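*Asks:* Let me begin by handing over the structure; questions about it come next.
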Amino acid sequence: MQQFTGINTLMLYSPAIFRSLGLGSVQSIAMFQAINGLVNVSSTVPAILWIDRWGRRPTLLVGTVLIIVSYLVLSLLIRSYGALTNLAGHESAVINLGPRGLGIAAICMVYLVVASFAFSWGPCGWLIPSEIFPTHLRAKANSVTTGTNWISNFVVTLTSPLLLQVAGWRLFLAFSVVMAVNLVLIYLFLPETKNLTLEEMDTLFASSVWAFRSAPAARKAGAHCCPSNATTTTTAPSLESYELSTVT
């Protein structure tokens with residue numbers, strides 16, 4: 001589902017989108033595209049630093065909500081003030097918002113989608129599959145997830161120009177609907193996996209199909225197996241035991 005967030009539509013076809021939002025010169029399009037890449041990279045840094053503190057589940061939930069809101073606002077701007085015209089080639093979906101401020105607002109919504117993806121779906125889409133599978137299945141399972149990701153990337157990249165031409169603002173609305181479905185799936189079925197051992201991960205997914213029921217069971221199992229407050233004490237051998245060992 002990572003690729004169906006629409007991130008590659010925004011990253012790969014953003015020059016055409018920016019042109020449709022009122023940017024006319026090549027220099028301005030290149031500058032806004034560079035800003036888009038900078039937003040993507042810089043927004044990944046917080047996840048690198050604090051993903052183990054935030055947790056995977058809250059990070060994905062917050063990022064998904066932000067993406068939904070951004071897509072809704074973007075599609076609303078295009079629908080309310082836009083007029084579709086056709087151009088040749090892949091730059092066929094032109095959205096003329098009129099006032100320059102509206103175009104800048106729409107571009108900011110694009111940046112907000114990219115930033116929200118970069119700290120949530122970007123890292124978590126690769127991190128979670130790498131830690132949930134048992135050792136004997138991890139290599140094959142991650143091969144399947146990676147292959148599925150790239151096939152989805154191929155489909156989205158190939159169809160985005162056509163969808164931009166045919167659907168226009170409805171494409172961004174469709175992305176928001178997909179993200180709303182993802183939000184429900186994450187809330188119901190994706191438990192928190194941070195700081196869990198392989199044994200606790202097995203317990204987590206075996207306890208319940210519902211995320212809000214399986215997480216407490218995993219924490220309970222982890223506390224039972226490896227209590228955090230447990231301390232180990234060692235005692236020095238007594239003199240009597242030492243003398244007995246020397247005699248024998």
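Residues are named by chain letter and number: chains run A, B, ... in the order of the structure tokens, numbers start at 1 in each chain, and ligands are numbered from 1 in the order shown.
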Where does range 100-142 of chain A meet range 160-176 of chain A within 12 Å, residue by residue, with the nearest atom pair and distance in Å to one decimal for each, counting only C-alpha atoms, listed by chain and rising number, as CSV?
*Replies:*
residue,atom,partner,partner_atom,distance
A:Ala106,CA,A:Trp169,CA,11.4
A:Met109,CA,A:Phe172,CA,11.0
A:Val110,CA,A:Phe172,CA,10.2
A:Val113,CA,A:Ser176,CA,10.5
*Asks:* Extract, using only C-alpha atoms, all DNA, RNA and protein residues at most 10 Å from Ile51 in chain A, discarding same-chain residues fewer than 6 positions from it, and format them as a ChimeraX atom specification.
*Replies:* /A:45,57-59,119-120,123-124,127,194
*Asks:* Please save N, CA, C and O atoms of the selected residues as a PDB file, in the first residue's frame.
*Replies:*
ATOM      1  N   VAL A  45      14.464  12.692   8.356  1.00  0.00           N
ATOM      2  CA  VAL A  45      15.399  12.718   9.488  1.00  0.00           C
ATOM      3  C   VAL A  45      14.707  12.483  10.833  1.00  0.00           C
ATOM      4  O   VAL A  45      15.204  11.704  11.650  1.00  0.00           O
ATOM      5  N   ARG A  57       3.215   2.310  14.942  1.00  0.00           N
ATOM      6  CA  ARG A  57       1.769   2.497  14.787  1.00  0.00           C
ATOM      7  C   ARG A  57       1.361   3.977  14.914  1.00  0.00           C
ATOM      8  O   ARG A  57       0.669   4.490  14.030  1.00  0.00           O
ATOM      9  N   PRO A  58       1.747   4.699  15.968  1.00  0.00           N
ATOM     10  CA  PRO A  58       1.375   6.122  16.040  1.00  0.00           C
ATOM     11  C   PRO A  58       1.944   6.945  14.892  1.00  0.00           C
ATOM     12  O   PRO A  58       1.276   7.867  14.398  1.00  0.00           O
ATOM     13  N   THR A  59       3.170   6.628  14.462  1.00  0.00           N
ATOM     14  CA  THR A  59       3.770   7.365  13.362  1.00  0.00           C
ATOM     15  C   THR A  59       2.960   7.209  12.087  1.00  0.00           C
ATOM     16  O   THR A  59       2.694   8.187  11.368  1.00  0.00           O
ATOM     17  N   PHE A 119       8.135  10.969   6.857  1.00  0.00           N
ATOM     18  CA  PHE A 119       8.412  10.560   8.230  1.00  0.00           C
ATOM     19  C   PHE A 119       7.553   9.376   8.668  1.00  0.00           C
ATOM     20  O   PHE A 119       7.748   8.862   9.776  1.00  0.00           O
ATOM     21  N   SER A 120       6.630   8.933   7.836  1.00  0.00           N
ATOM     22  CA  SER A 120       5.728   7.853   8.258  1.00  0.00           C
ATOM     23  C   SER A 120       5.780   6.667   7.301  1.00  0.00           C
ATOM     24  O   SER A 120       6.467   5.669   7.564  1.00  0.00           O
ATOM     25  N   PRO A 123       9.705   5.430   5.810  1.00  0.00           N
ATOM     26  CA  PRO A 123      10.520   4.485   6.581  1.00  0.00           C
ATOM     27  C   PRO A 123       9.746   3.273   7.081  1.00  0.00           C
ATOM     28  O   PRO A 123      10.265   2.152   7.053  1.00  0.00           O
ATOM     29  N   CYS A 124       8.522   3.462   7.548  1.00  0.00           N
ATOM     30  CA  CYS A 124       7.765   2.338   8.126  1.00  0.00           C
ATOM     31  C   CYS A 124       7.397   1.295   7.085  1.00  0.00           C
ATOM     32  O   CYS A 124       7.271   0.106   7.409  1.00  0.00           O
ATOM     33  N   LEU A 127      10.552  -0.692   7.202  1.00  0.00           N
ATOM     34  CA  LEU A 127      10.966  -1.152   8.526  1.00  0.00           C
ATOM     35  C   LEU A 127      10.083  -2.282   9.050  1.00  0.00           C
ATOM     36  O   LEU A 127      10.584  -3.309   9.529  1.00  0.00           O
ATOM     37  N   LYS A 194       7.504  -1.910  18.131  1.00  0.00           N
ATOM     38  CA  LYS A 194       8.800  -1.387  18.569  1.00  0.00           C
ATOM     39  C   LYS A 194       9.295  -2.127  19.802  1.00  0.00           C
ATOM     40  O   LYS A 194       8.533  -2.541  20.674  1.00  0.00           O
TER      41      LYS A 194
END
*Asks:* Report as a ChimeraX atom specification: the residues of range 23-214 of chain A with a DSSP assignment of alpha helix (DSSP H), based on the backbone of this structure.
*Replies:* /A:26-54,56-81,100-119,121-132,135-166,169-189,198-207,211-214
*Asks:* Which residue, A:Leu112, A:Ile128, A:Leu198, A:Val144, has the smallest gap to Leu72 in chain A when you use only C-alpha atoms?
*Replies:* A:Leu112
*Asks:* So which one's closest to Ala211 in chain A, A:Asp52, A:Leu196, A:Tyr111, A:Pro191? Using only C-alpha atoms, please.
*Replies:*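 For Ala211 in chain A, the nearest of the candidates is A:Pro191.
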*Asks:* Check the smallest atom-to-atom distance from each of A:Gln2, A:Gln33, A:Ser130, A:Thr44 to Thr193 in chain A using only C-alpha atoms, then report the winner.
*Replies:*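 Once distances to Thr193 in chain A are computed over only C-alpha atoms, the minimum belongs to A:Ser130.
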*Asks:* Could you check which of A:Leu183, A:Ile132, A:Leu102, A:Leu188 is closest to Glu200 in chain A, using only C-alpha atoms?
*Replies:*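 Going through A:Leu183, A:Ile132, A:Leu102, A:Leu188 one by one, the smallest distance to Glu200 in chain A is for A:Ile132.
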*Asks:* Could you check the closest approach to Gly37 in chain A for each of A:Val73, A:Ile78, A:Leu61, A:Ala115 and tell me which residue wins, using only C-alpha atoms?
*Replies:*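 The answer is A:Ala115, which sits nearest to Gly37 in chain A.
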*Asks:* Which of these residues is nearest to Ser28 in chain A, using only C-alpha atoms: A:Ile104, A:Leu76, A:Glu199, A:Val184?
*Replies:* A:Ile104
*Asks:* How many Å lie between CA of Gly24 in chain A and CA of Ser116 in chain A, rounded to one decimal?
*Replies:* 27.1 Å
*Asks:* Would you work out the distance separating CA of Val177 in chain A from CA of Leu60 in chain A, expressed in Å to one decimal?
*Replies:*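 Atom-to-atom, CA of Val177 in chain A and CA of Leu60 in chain A are spaced 15.9 Å apart.
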*Asks:* Which distance in Å separates CA of Ile7 in chain A and CA of Cys108 in chain A, to one decimal?
*Replies:*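 CA of Cys108 in chain A lies at a distance of 14.6 Å from CA of Ile7 in chain A.
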